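This is model-v9.cif. It holds mmCIF, C-alpha atoms.
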```
data_query
#
loop_
_atom_site.label_atom_id
_atom_site.label_comp_id
_atom_site.auth_asym_id
_atom_site.auth_seq_id
_atom_site.Cartn_x
_atom_site.Cartn_y
_atom_site.Cartn_z
CA MET M 1 105.83 87.06 106.96
CA LEU M 2 105.87 89.29 103.89
CA MET M 3 108.98 88.99 101.71
CA CYS M 4 110.42 91.64 99.40
CA LYS M 5 108.85 90.28 96.22
CA ASP M 6 105.35 90.31 97.69
CA ALA M 7 106.03 93.66 99.31
CA THR M 8 106.76 95.14 95.87
CA ARG M 9 103.48 93.64 94.64
CA LEU M 10 101.60 95.53 97.35
CA MET M 11 103.63 98.70 96.71
CA SER M 12 102.60 98.53 93.08
CA MET M 13 98.99 97.64 93.88
CA LYS M 14 98.48 100.51 96.31
CA ARG M 15 98.91 102.91 93.38
CA ASP M 16 96.01 101.24 91.57
CA ARG M 17 93.53 100.29 94.29
CA PRO M 18 93.19 100.83 98.04
CA LEU M 19 94.91 98.09 100.04
CA THR M 20 92.98 96.14 102.64
CA ILE M 21 93.86 96.86 106.26
CA ARG M 22 95.69 93.58 106.49
CA GLU M 23 97.76 94.38 103.38
CA ARG M 24 98.52 97.86 104.62
CA VAL M 25 99.71 96.65 107.99
CA SER M 26 101.96 93.93 106.60
CA LEU M 27 103.43 96.32 104.03
CA ARG M 28 104.11 98.99 106.64
CA PHE M 29 105.75 96.41 108.87
CA HIS M 30 107.97 95.20 106.03
CA LEU M 31 108.96 98.71 104.96
CA ALA M 32 109.95 99.58 108.51
CA MET M 33 112.55 96.83 108.38
CA CYS M 34 113.71 96.86 104.75
CA SER M 35 115.63 99.83 103.36
CA ALA M 36 115.82 98.38 99.83
CA CYS M 37 112.03 98.16 99.68
CA ARG M 38 111.70 101.69 101.02
CA GLU M 39 113.79 102.88 98.06
CA CYS M 40 111.68 100.80 95.72
CA ASP M 41 108.54 102.38 97.16
CA ARG M 42 109.91 105.89 96.54
CA GLN M 43 110.81 104.96 92.99
CA PHE M 44 107.36 103.53 92.30
CA GLU M 45 105.96 106.80 93.60
CA LEU M 46 108.17 108.71 91.18
CA LEU M 47 107.01 106.50 88.32
CA HIS M 48 103.44 107.21 89.39
CA HIS M 49 104.01 110.88 88.57
CA VAL M 50 105.81 110.68 85.23
CA ASN M 51 102.84 112.34 83.56
CA ARG M 52 103.97 115.64 85.13
CA ARG M 53 106.53 115.81 82.37
CA PHE M 54 103.75 116.65 79.95
CA GLU M 55 102.09 119.33 82.00
CA PRO M 56 102.64 122.80 80.60
CA PRO M 57 104.81 124.75 83.08
CA ALA M 58 102.31 127.58 83.52
CA GLU M 59 99.49 125.16 84.21
CA ASN M 60 101.28 123.04 86.79
CA ARG M 61 99.56 124.55 89.74
CA ARG M 62 96.09 123.97 88.46
CA THR M 63 96.65 120.33 87.59
CA ASP M 64 98.66 119.49 90.67
CA ALA M 65 95.80 117.78 92.53
CA PRO M 66 96.77 114.41 94.00
CA ARG M 67 96.04 111.53 91.68
CA GLN M 68 94.71 108.16 92.80
CA MET A 1 88.85 145.13 63.64
CA ASN A 2 86.12 143.21 61.87
CA ASP A 3 85.16 139.66 62.69
CA SER A 4 87.19 137.94 60.00
CA THR A 5 90.47 139.65 60.91
CA LYS A 6 89.81 138.89 64.57
CA THR A 7 89.36 135.22 63.71
CA ALA A 8 92.48 135.20 61.58
CA ALA A 9 94.52 136.75 64.38
CA GLY A 10 93.11 134.19 66.81
CA ALA A 11 93.95 131.34 64.47
CA GLU A 12 97.49 132.61 64.10
CA GLY A 13 97.87 132.75 67.89
CA TYR A 14 96.60 129.20 68.28
CA GLY A 15 98.84 128.08 65.45
CA ARG A 16 101.90 129.38 67.27
CA ARG A 17 100.84 127.73 70.51
CA LEU A 18 100.27 124.43 68.74
CA GLU A 19 103.69 124.65 67.12
CA ALA A 20 105.19 125.17 70.58
CA VAL A 21 103.43 122.20 72.16
CA ARG A 22 103.98 119.86 69.21
CA PRO A 23 107.24 118.24 70.42
CA ARG A 24 105.62 117.29 73.70
CA LEU A 25 102.60 115.88 71.89
CA VAL A 26 104.90 113.75 69.74
CA SER A 27 106.87 112.31 72.65
CA PHE A 28 103.64 111.59 74.52
CA ALA A 29 102.19 109.85 71.46
CA LEU A 30 105.37 107.89 70.88
CA LEU A 31 105.31 106.46 74.40
CA HIS A 32 101.82 105.13 73.74
CA LEU A 33 102.03 103.93 70.16
CA ARG A 34 105.73 102.91 70.01
CA ASP A 35 105.75 103.68 66.31
CA LYS A 36 107.14 106.95 64.99
CA ALA A 37 104.96 107.21 61.88
CA GLN A 38 101.77 106.40 63.77
CA ALA A 39 102.68 108.86 66.51
CA GLU A 40 103.26 111.61 63.95
CA ASP A 41 99.90 110.81 62.32
CA ALA A 42 98.05 110.99 65.63
CA VAL A 43 99.65 114.35 66.42
CA GLN A 44 98.94 115.71 62.96
CA ASP A 45 95.31 114.66 63.36
CA THR A 46 95.22 116.33 66.74
CA LEU A 47 96.59 119.62 65.41
CA VAL A 48 94.02 119.69 62.64
CA THR A 49 91.17 118.96 65.06
CA ALA A 50 92.47 121.58 67.48
CA MET A 51 92.58 124.23 64.74
CA GLU A 52 89.11 123.33 63.53
CA LYS A 53 87.64 123.37 67.00
CA SER A 54 89.59 126.23 68.53
CA ASP A 55 86.35 128.24 68.62
CA SER A 56 84.87 125.67 70.95
CA PHE A 57 87.84 125.92 73.34
CA SER A 58 86.14 127.31 76.44
CA GLY A 59 89.24 128.65 78.15
CA ARG A 60 88.32 126.97 81.39
CA ALA A 61 91.11 124.41 81.14
CA GLY A 62 94.49 125.56 79.89
CA TYR A 63 94.84 125.50 76.12
CA GLU A 64 97.60 122.87 76.15
CA THR A 65 95.59 120.68 78.51
CA TRP A 66 92.71 120.92 76.07
CA VAL A 67 94.94 119.92 73.14
CA PHE A 68 96.35 117.00 75.14
CA GLY A 69 92.76 115.92 75.77
CA ILE A 70 92.18 115.72 72.02
CA LEU A 71 95.40 113.76 71.56
CA LYS A 72 94.39 111.26 74.25
CA HIS A 73 91.22 110.41 72.35
CA LYS A 74 93.16 109.96 69.13
CA LEU A 75 95.67 107.74 70.90
CA LEU A 76 93.00 105.52 72.40
CA ASP A 77 91.53 105.07 68.90
CA ALA A 78 94.95 104.29 67.47
CA MET A 79 95.74 101.83 70.25
CA ARG A 80 92.42 100.04 69.65
CA ALA A 81 93.33 99.78 65.98
CA GLN A 82 96.76 98.40 66.90
CA GLN A 83 95.20 95.82 69.14
CA HIS A 84 92.68 94.77 66.48
CA SER A 85 95.45 94.36 63.95
CA GLY A 86 97.17 92.02 66.41
CA ARG A 87 100.16 94.27 66.92
CA TRP A 88 100.36 93.41 70.59
CA GLN A 89 98.87 90.80 72.87
CA PRO A 90 97.70 91.36 76.41
CA LEU A 91 99.09 89.06 79.09
CA GLU A 92 98.40 85.43 78.24
CA ASN A 93 97.23 83.73 81.43
CA GLU A 94 99.67 84.00 84.31
CA ALA A 95 102.88 83.17 82.49
CA SER A 96 105.85 84.15 84.62
CA ASP A 97 108.27 86.94 83.82
CA ASP A 98 111.93 85.86 83.68
CA VAL A 99 113.31 89.35 84.07
CA VAL A 100 111.30 89.91 87.22
CA ASP A 101 112.11 86.44 88.56
CA ARG A 102 115.83 87.19 88.30
CA LEU A 103 115.45 90.18 90.62
CA PHE A 104 114.53 87.98 93.58
CA ARG A 105 115.90 84.90 95.27
CA GLN A 106 113.84 81.78 95.82
CA ASN A 107 112.91 82.98 99.29
CA GLY A 108 111.46 86.24 97.92
CA ARG A 109 114.27 88.56 99.04
CA TRP A 110 116.08 90.89 96.62
CA GLU A 111 119.07 89.44 94.83
CA GLN A 112 122.17 91.34 95.91
CA HIS A 113 122.69 92.89 92.44
CA ALA A 114 119.06 93.95 92.19
CA ARG A 115 118.62 95.69 95.55
CA PRO A 116 117.23 99.18 94.91
CA THR A 117 119.53 102.03 95.88
CA SER A 118 118.77 105.71 96.34
CA TRP A 119 118.21 107.97 93.32
CA GLY A 120 118.79 111.07 95.41
CA GLU A 121 116.08 113.69 95.55
CA PRO A 122 113.12 112.26 93.60
CA GLU A 123 111.75 115.64 92.52
CA ALA A 124 115.14 116.65 91.16
CA SER A 125 115.11 113.69 88.77
CA PHE A 126 112.21 115.22 86.87
CA GLU A 127 114.22 118.38 86.26
CA ASN A 128 117.01 116.36 84.75
CA GLU A 129 117.19 115.75 80.98
CA THR A 130 119.28 112.63 81.53
CA PHE A 131 116.55 111.08 83.64
CA TRP A 132 114.05 111.41 80.81
CA ARG A 133 116.51 110.08 78.24
CA VAL A 134 117.00 107.01 80.40
CA PHE A 135 113.26 106.74 81.05
CA ASP A 136 112.46 106.81 77.32
CA ALA A 137 115.09 104.18 76.57
CA CYS A 138 113.72 101.97 79.34
CA MET A 139 110.17 102.36 78.03
CA ILE A 140 111.34 101.24 74.60
CA GLY A 141 112.99 98.24 76.24
CA LEU A 142 109.76 97.10 77.90
CA PRO A 143 107.75 94.38 76.18
CA ASP A 144 104.88 95.94 74.19
CA ASN A 145 102.09 94.67 76.39
CA LEU A 146 103.67 95.93 79.63
CA ALA A 147 104.52 99.31 78.12
CA ARG A 148 100.97 99.65 76.84
CA ILE A 149 99.33 99.02 80.21
CA PHE A 150 101.87 101.21 82.01
CA SER A 151 101.34 104.17 79.68
CA LEU A 152 97.54 103.85 79.87
CA ARG A 153 97.79 103.89 83.66
CA GLU A 154 100.58 106.37 84.42
CA LEU A 155 100.60 108.66 81.39
CA MET A 156 96.99 108.57 80.24
CA GLY A 157 95.86 108.34 83.87
CA LEU A 158 93.16 105.70 83.32
CA SER A 159 92.04 103.59 86.29
CA THR A 160 92.81 99.88 86.14
CA ARG A 161 89.06 99.27 85.82
CA ASP A 162 88.94 101.43 82.69
CA ILE A 163 92.06 99.75 81.36
CA CYS A 164 90.65 96.26 81.66
CA HIS A 165 87.53 97.45 79.92
CA GLU A 166 89.61 99.11 77.20
CA VAL A 167 91.98 96.20 76.65
CA GLY A 168 89.63 93.34 77.48
CA ILE A 169 91.60 91.74 80.32
CA LYS A 170 90.77 91.00 83.94
CA GLU A 171 91.68 93.68 86.44
CA ASN A 172 93.88 91.17 88.23
CA ASN A 173 95.96 90.73 85.06
CA CYS A 174 96.28 94.44 84.87
CA TRP A 175 97.76 94.61 88.38
CA VAL A 176 100.18 91.80 87.57
CA MET A 177 101.33 93.63 84.43
CA LEU A 178 101.73 96.95 86.21
CA HIS A 179 103.79 95.28 88.93
CA ARG A 180 106.10 93.80 86.31
CA ALA A 181 106.32 97.01 84.34
CA ARG A 182 107.22 99.05 87.43
CA LEU A 183 109.83 96.56 88.61
CA ARG A 184 111.44 96.38 85.17
CA LEU A 185 111.38 100.13 84.70
CA ARG A 186 112.86 100.95 88.07
CA ALA A 187 115.64 98.38 87.56
CA CYS A 188 116.38 99.68 84.07
CA ILE A 189 116.31 103.32 85.11
CA GLU A 190 118.56 102.64 88.06
CA SER A 191 121.23 100.96 85.96
CA GLY A 192 121.00 103.56 83.17
CA TRP A 193 120.84 106.50 85.57
CA LEU A 194 123.85 105.40 87.61
CA THR A 195 125.91 104.70 84.51
CA GLU A 196 125.08 108.10 83.03
CA THR A 197 125.74 110.09 86.20
CA SER A 198 129.01 108.33 86.98
CA THR A 199 130.43 109.18 83.57
CA CYS A 200 129.83 112.92 83.81
#
```
With the file now loaded, output its structure as structure tokens.
Amino acid sequence: MLMCKDATRLMSMKRDRPLTIRERVSLRFHLAMCSACRECDRQFELLHHVNRRFEPPAENRRTDAPRQ
Amino acid sequence: MNDSTKTAAGAEGYGRRLEAVRPRLVSFALLHLRDKAQAEDAVQDTLVTAMEKSDSFSGRAGYETWVFGILKHKLLDAMRAQQHSGRWQPLENEASDDVVDRLFRQNGRWEQHARPTSWGEPEASFENETFWRVFDACMIGLPDNLARIFSLRELMGLSTRDICHEVGIKENNCWVMLHRARLRLRACIESGWLTETSTC
């Protein structure tokens, strides 16, 4: 079974490459049971968008497309 | 209005806009180069290039986005120079990371003190000056190599494939470094963030 440390590895990885089906399933299963890892996942997501800080306010809408 | 006064008026307008965007260019550059003098140089270079080339600005992208595009090229050049001068080393093999190891128990679960807790509304954090102060401090606290890979990925927006090409490491190393950088940053931000908000 996937433990927190490996779960955070997959949470990080999914922001850089698509996970395999197997990885996705085991991560989803772990997140369903672990509230600390769910928080970690939200925080990684936030860190994934820190570049928004440098977007000019008026141009936000145009550059808002989801980023892989 | 003849052509030369039109150009002068245009240059003045661009000059003002560049002056306005300058602080953001500097903090962006600083996060990548981690050296104040080098960051200032890269920005100065960018402003000069932007003034020289403002005629070629097509207006399709926003002006600031265009200027940031110039800065990104300058930063990549500067980072290559830093790497060549040996200022920072990419990950040597798979050496372990003590800071990350201390976050987890032997069995792979979170240590009690390291369990992530809620930061409230994520979007609201970005509106908060304190968040960015803590973020900047935590970036400075990261080891050079982790900060470098993290900023190339999350600020510059390069793919990990481009990063390994740029830095000359295997993509797998890149993923390992990003994992460490994210874990260290989130832990650092959480402790700084909670300390700051509880004191005000």
Practice problem: I would like the residues chosen by the PyMOL selection byres ((chain M) within 8 of (chain A)) on the shown file; could you give them as a PyMOL selection string? | Solution: chain M and resi 3-6+8-9+12-13+16+36-37+39-40+42-44+46-51+53-56+59
Self-check item: Residue neighbourhood Met139 of chain A, 9 Å, only C-alpha atoms, exclusion window fewer than 5 positions, as a ChimeraX atom specification
Solution: /A:31,134,147,185
Exercise. Considering all atoms listed in the file, return as a list of chain:residue names whatever protein or nucleic-acid residues lie within 9 Å of segment 22-28 of chain M, sequence-local ones (same chain, fewer than 3 positions apart) excluded.
Key: M:Met1, M:Leu2, M:Asp6, M:Ala7, M:Thr8, M:Leu10, M:Met11, M:Lys14, M:Pro18, M:Leu19, M:Leu31, M:Ala32, M:Met33
Self-check item: Separation of atom CA of His30 of chain M from atom CA of Ser191 of chain A in Å
Solution: 24.7 Å
Quiz item: In Å, how far is it from atom CA of Trp66 of chain A to atom CA of Met79 of chain A?
Solution: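 We find that atom CA of Trp66 of chain A and atom CA of Met79 of chain A lie 20.2 Å from each other.
Relative to atom CA of Cys188 of chain A, atom CA of His113 of chain A is found at 12.5 Å.
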Exercise. Taking the file as shown, find all residues satisfying the PyMOL selection byres ((chain A and resi 33) around 12) and write them as number ranges by chain.
Key: A: 26-32, 34-43, 71-72, 74-83, 87-88, 139-140, 144-145, 147-149, 151-152
Suppose we keep C-alpha atoms; can you now write the selection as a PDB file, in the coordinates of the input?
```pdb
ATOM      1  CA  VAL A  26     104.900 113.750  69.740  1.00  0.00           C
ATOM      2  CA  SER A  27     106.870 112.310  72.650  1.00  0.00           C
ATOM      3  CA  PHE A  28     103.640 111.590  74.520  1.00  0.00           C
ATOM      4  CA  ALA A  29     102.190 109.850  71.460  1.00  0.00           C
ATOM      5  CA  LEU A  30     105.370 107.890  70.880  1.00  0.00           C
ATOM      6  CA  LEU A  31     105.310 106.460  74.400  1.00  0.00           C
ATOM      7  CA  HIS A  32     101.820 105.130  73.740  1.00  0.00           C
ATOM      8  CA  ARG A  34     105.730 102.910  70.010  1.00  0.00           C
ATOM      9  CA  ASP A  35     105.750 103.680  66.310  1.00  0.00           C
ATOM     10  CA  LYS A  36     107.140 106.950  64.990  1.00  0.00           C
ATOM     11  CA  ALA A  37     104.960 107.210  61.880  1.00  0.00           C
ATOM     12  CA  GLN A  38     101.770 106.400  63.770  1.00  0.00           C
ATOM     13  CA  ALA A  39     102.680 108.860  66.510  1.00  0.00           C
ATOM     14  CA  GLU A  40     103.260 111.610  63.950  1.00  0.00           C
ATOM     15  CA  ASP A  41      99.900 110.810  62.320  1.00  0.00           C
ATOM     16  CA  ALA A  42      98.050 110.990  65.630  1.00  0.00           C
ATOM     17  CA  VAL A  43      99.650 114.350  66.420  1.00  0.00           C
ATOM     18  CA  LEU A  71      95.400 113.760  71.560  1.00  0.00           C
ATOM     19  CA  LYS A  72      94.390 111.260  74.250  1.00  0.00           C
ATOM     20  CA  LYS A  74      93.160 109.960  69.130  1.00  0.00           C
ATOM     21  CA  LEU A  75      95.670 107.740  70.900  1.00  0.00           C
ATOM     22  CA  LEU A  76      93.000 105.520  72.400  1.00  0.00           C
ATOM     23  CA  ASP A  77      91.530 105.070  68.900  1.00  0.00           C
ATOM     24  CA  ALA A  78      94.950 104.290  67.470  1.00  0.00           C
ATOM     25  CA  MET A  79      95.740 101.830  70.250  1.00  0.00           C
ATOM     26  CA  ARG A  80      92.420 100.040  69.650  1.00  0.00           C
ATOM     27  CA  ALA A  81      93.330  99.780  65.980  1.00  0.00           C
ATOM     28  CA  GLN A  82      96.760  98.400  66.900  1.00  0.00           C
ATOM     29  CA  GLN A  83      95.200  95.820  69.140  1.00  0.00           C
ATOM     30  CA  ARG A  87     100.160  94.270  66.920  1.00  0.00           C
ATOM     31  CA  TRP A  88     100.360  93.410  70.590  1.00  0.00           C
ATOM     32  CA  MET A 139     110.170 102.360  78.030  1.00  0.00           C
ATOM     33  CA  ILE A 140     111.340 101.240  74.600  1.00  0.00           C
ATOM     34  CA  ASP A 144     104.880  95.940  74.190  1.00  0.00           C
ATOM     35  CA  ASN A 145     102.090  94.670  76.390  1.00  0.00           C
ATOM     36  CA  ALA A 147     104.520  99.310  78.120  1.00  0.00           C
ATOM     37  CA  ARG A 148     100.970  99.650  76.840  1.00  0.00           C
ATOM     38  CA  ILE A 149      99.330  99.020  80.210  1.00  0.00           C
ATOM     39  CA  SER A 151     101.340 104.170  79.680  1.00  0.00           C
ATOM     40  CA  LEU A 152      97.540 103.850  79.870  1.00  0.00           C
TER      41      LEU A 152
END
```
Quiz prompt | Picked residues, the PyMOL selection byres ((chain A and resi 47) around 9), expected as an MDAnalysis selection string | solution = chainID A and resid 15 18:19 22 42:46 48:52 67 70:71
With the input short on atoms, add all heavy atoms back to segment 32-43 of chain M and write it as a PDB file, in the coordinates of the input.
```pdb
ATOM      1  N   ALA M  32     109.237  99.081 107.326  1.00  0.00           N
ATOM      2  CA  ALA M  32     109.950  99.580 108.510  1.00  0.00           C
ATOM      3  C   ALA M  32     111.288  98.857 108.668  1.00  0.00           C
ATOM      4  O   ALA M  32     112.247  99.410 109.200  1.00  0.00           O
ATOM      5  CB  ALA M  32     109.088  99.403 109.753  1.00  0.00           C
ATOM      6  N   MET M  33     111.337  97.619 108.157  1.00  0.00           N
ATOM      7  CA  MET M  33     112.550  96.830 108.380  1.00  0.00           C
ATOM      8  C   MET M  33     113.458  96.749 107.163  1.00  0.00           C
ATOM      9  O   MET M  33     114.580  96.282 107.266  1.00  0.00           O
ATOM     10  CB  MET M  33     112.158  95.404 108.760  1.00  0.00           C
ATOM     11  CG  MET M  33     111.419  95.314 110.077  1.00  0.00           C
ATOM     12  SD  MET M  33     111.130  93.589 110.507  1.00  0.00           S
ATOM     13  CE  MET M  33     110.453  92.967 108.982  1.00  0.00           C
ATOM     14  N   CYS M  34     112.970  97.149 105.983  1.00  0.00           N
ATOM     15  CA  CYS M  34     113.710  96.860 104.750  1.00  0.00           C
ATOM     16  C   CYS M  34     114.014  98.141 103.977  1.00  0.00           C
ATOM     17  O   CYS M  34     113.128  98.729 103.353  1.00  0.00           O
ATOM     18  CB  CYS M  34     112.908  95.889 103.885  1.00  0.00           C
ATOM     19  SG  CYS M  34     113.722  95.478 102.336  1.00  0.00           S
ATOM     20  N   SER M  35     115.277  98.564 104.004  1.00  0.00           N
ATOM     21  CA  SER M  35     115.630  99.830 103.360  1.00  0.00           C
ATOM     22  C   SER M  35     115.555  99.722 101.829  1.00  0.00           C
ATOM     23  O   SER M  35     115.187 100.676 101.147  1.00  0.00           O
ATOM     24  CB  SER M  35     117.019 100.281 103.795  1.00  0.00           C
ATOM     25  OG  SER M  35     117.976  99.342 103.365  1.00  0.00           O
ATOM     26  N   ALA M  36     115.878  98.548 101.291  1.00  0.00           N
ATOM     27  CA  ALA M  36     115.820  98.380  99.830  1.00  0.00           C
ATOM     28  C   ALA M  36     114.378  98.563  99.348  1.00  0.00           C
ATOM     29  O   ALA M  36     114.124  99.226  98.328  1.00  0.00           O
ATOM     30  CB  ALA M  36     116.348  97.010  99.426  1.00  0.00           C
ATOM     31  N   CYS M  37     113.428  98.016 100.076  1.00  0.00           N
ATOM     32  CA  CYS M  37     112.030  98.160  99.680  1.00  0.00           C
ATOM     33  C   CYS M  37     111.535  99.586  99.880  1.00  0.00           C
ATOM     34  O   CYS M  37     110.678 100.057  99.124  1.00  0.00           O
ATOM     35  CB  CYS M  37     111.149  97.158 100.427  1.00  0.00           C
ATOM     36  SG  CYS M  37     111.273  95.486  99.731  1.00  0.00           S
ATOM     37  N   ARG M  38     112.085 100.278 100.872  1.00  0.00           N
ATOM     38  CA  ARG M  38     111.700 101.690 101.020  1.00  0.00           C
ATOM     39  C   ARG M  38     112.138 102.498  99.802  1.00  0.00           C
ATOM     40  O   ARG M  38     111.415 103.358  99.308  1.00  0.00           O
ATOM     41  CB  ARG M  38     112.306 102.297 102.302  1.00  0.00           C
ATOM     42  CG  ARG M  38     111.572 101.894 103.575  1.00  0.00           C
ATOM     43  CD  ARG M  38     111.912 102.824 104.744  1.00  0.00           C
ATOM     44  NE  ARG M  38     113.330 102.843 105.108  1.00  0.00           N
ATOM     45  CZ  ARG M  38     113.898 101.918 105.904  1.00  0.00           C
ATOM     46  NH1 ARG M  38     113.176 100.920 106.397  1.00  0.00           N
ATOM     47  NH2 ARG M  38     115.181 101.993 106.211  1.00  0.00           N
ATOM     48  N   GLU M  39     113.329 102.200  99.288  1.00  0.00           N
ATOM     49  CA  GLU M  39     113.790 102.880  98.060  1.00  0.00           C
ATOM     50  C   GLU M  39     112.868 102.528  96.892  1.00  0.00           C
ATOM     51  O   GLU M  39     112.477 103.382  96.107  1.00  0.00           O
ATOM     52  CB  GLU M  39     115.217 102.476  97.710  1.00  0.00           C
ATOM     53  CG  GLU M  39     116.293 103.067  98.609  1.00  0.00           C
ATOM     54  CD  GLU M  39     116.289 104.592  98.630  1.00  0.00           C
ATOM     55  OE1 GLU M  39     115.772 105.211  97.674  1.00  0.00           O
ATOM     56  OE2 GLU M  39     116.810 105.158  99.608  1.00  0.00           O
ATOM     57  N   CYS M  40     112.542 101.253  96.801  1.00  0.00           N
ATOM     58  CA  CYS M  40     111.680 100.800  95.720  1.00  0.00           C
ATOM     59  C   CYS M  40     110.341 101.542  95.778  1.00  0.00           C
ATOM     60  O   CYS M  40     109.818 101.988  94.748  1.00  0.00           O
ATOM     61  CB  CYS M  40     111.463  99.296  95.833  1.00  0.00           C
ATOM     62  SG  CYS M  40     110.507  98.620  94.477  1.00  0.00           S
ATOM     63  N   ASP M  41     109.817 101.696  96.983  1.00  0.00           N
ATOM     64  CA  ASP M  41     108.540 102.380  97.160  1.00  0.00           C
ATOM     65  C   ASP M  41     108.623 103.836  96.685  1.00  0.00           C
ATOM     66  O   ASP M  41     107.720 104.344  96.021  1.00  0.00           O
ATOM     67  CB  ASP M  41     108.144 102.320  98.646  1.00  0.00           C
ATOM     68  CG  ASP M  41     106.693 102.731  98.871  1.00  0.00           C
ATOM     69  OD1 ASP M  41     105.828 102.306  98.086  1.00  0.00           O
ATOM     70  OD2 ASP M  41     106.438 103.479  99.834  1.00  0.00           O
ATOM     71  N   ARG M  42     109.733 104.498  96.999  1.00  0.00           N
ATOM     72  CA  ARG M  42     109.910 105.890  96.540  1.00  0.00           C
ATOM     73  C   ARG M  42     109.996 105.952  95.024  1.00  0.00           C
ATOM     74  O   ARG M  42     109.507 106.887  94.395  1.00  0.00           O
ATOM     75  CB  ARG M  42     111.205 106.481  97.138  1.00  0.00           C
ATOM     76  CG  ARG M  42     111.157 106.696  98.640  1.00  0.00           C
ATOM     77  CD  ARG M  42     112.494 107.182  99.160  1.00  0.00           C
ATOM     78  NE  ARG M  42     112.774 108.564  98.770  1.00  0.00           N
ATOM     79  CZ  ARG M  42     113.949 109.171  98.963  1.00  0.00           C
ATOM     80  NH1 ARG M  42     114.951 108.514  99.513  1.00  0.00           N
ATOM     81  NH2 ARG M  42     114.121 110.407  98.594  1.00  0.00           N
ATOM     82  N   GLN M  43     110.650 104.962  94.449  1.00  0.00           N
ATOM     83  CA  GLN M  43     110.810 104.960  92.990  1.00  0.00           C
ATOM     84  C   GLN M  43     109.489 104.664  92.288  1.00  0.00           C
ATOM     85  O   GLN M  43     109.188 105.263  91.250  1.00  0.00           O
ATOM     86  CB  GLN M  43     111.913 103.969  92.606  1.00  0.00           C
ATOM     87  CG  GLN M  43     113.281 104.468  93.102  1.00  0.00           C
ATOM     88  CD  GLN M  43     114.314 103.366  93.252  1.00  0.00           C
ATOM     89  OE1 GLN M  43     114.072 102.221  92.874  1.00  0.00           O
ATOM     90  NE2 GLN M  43     115.467 103.696  93.812  1.00  0.00           N
TER      91      GLN M  43
END
```
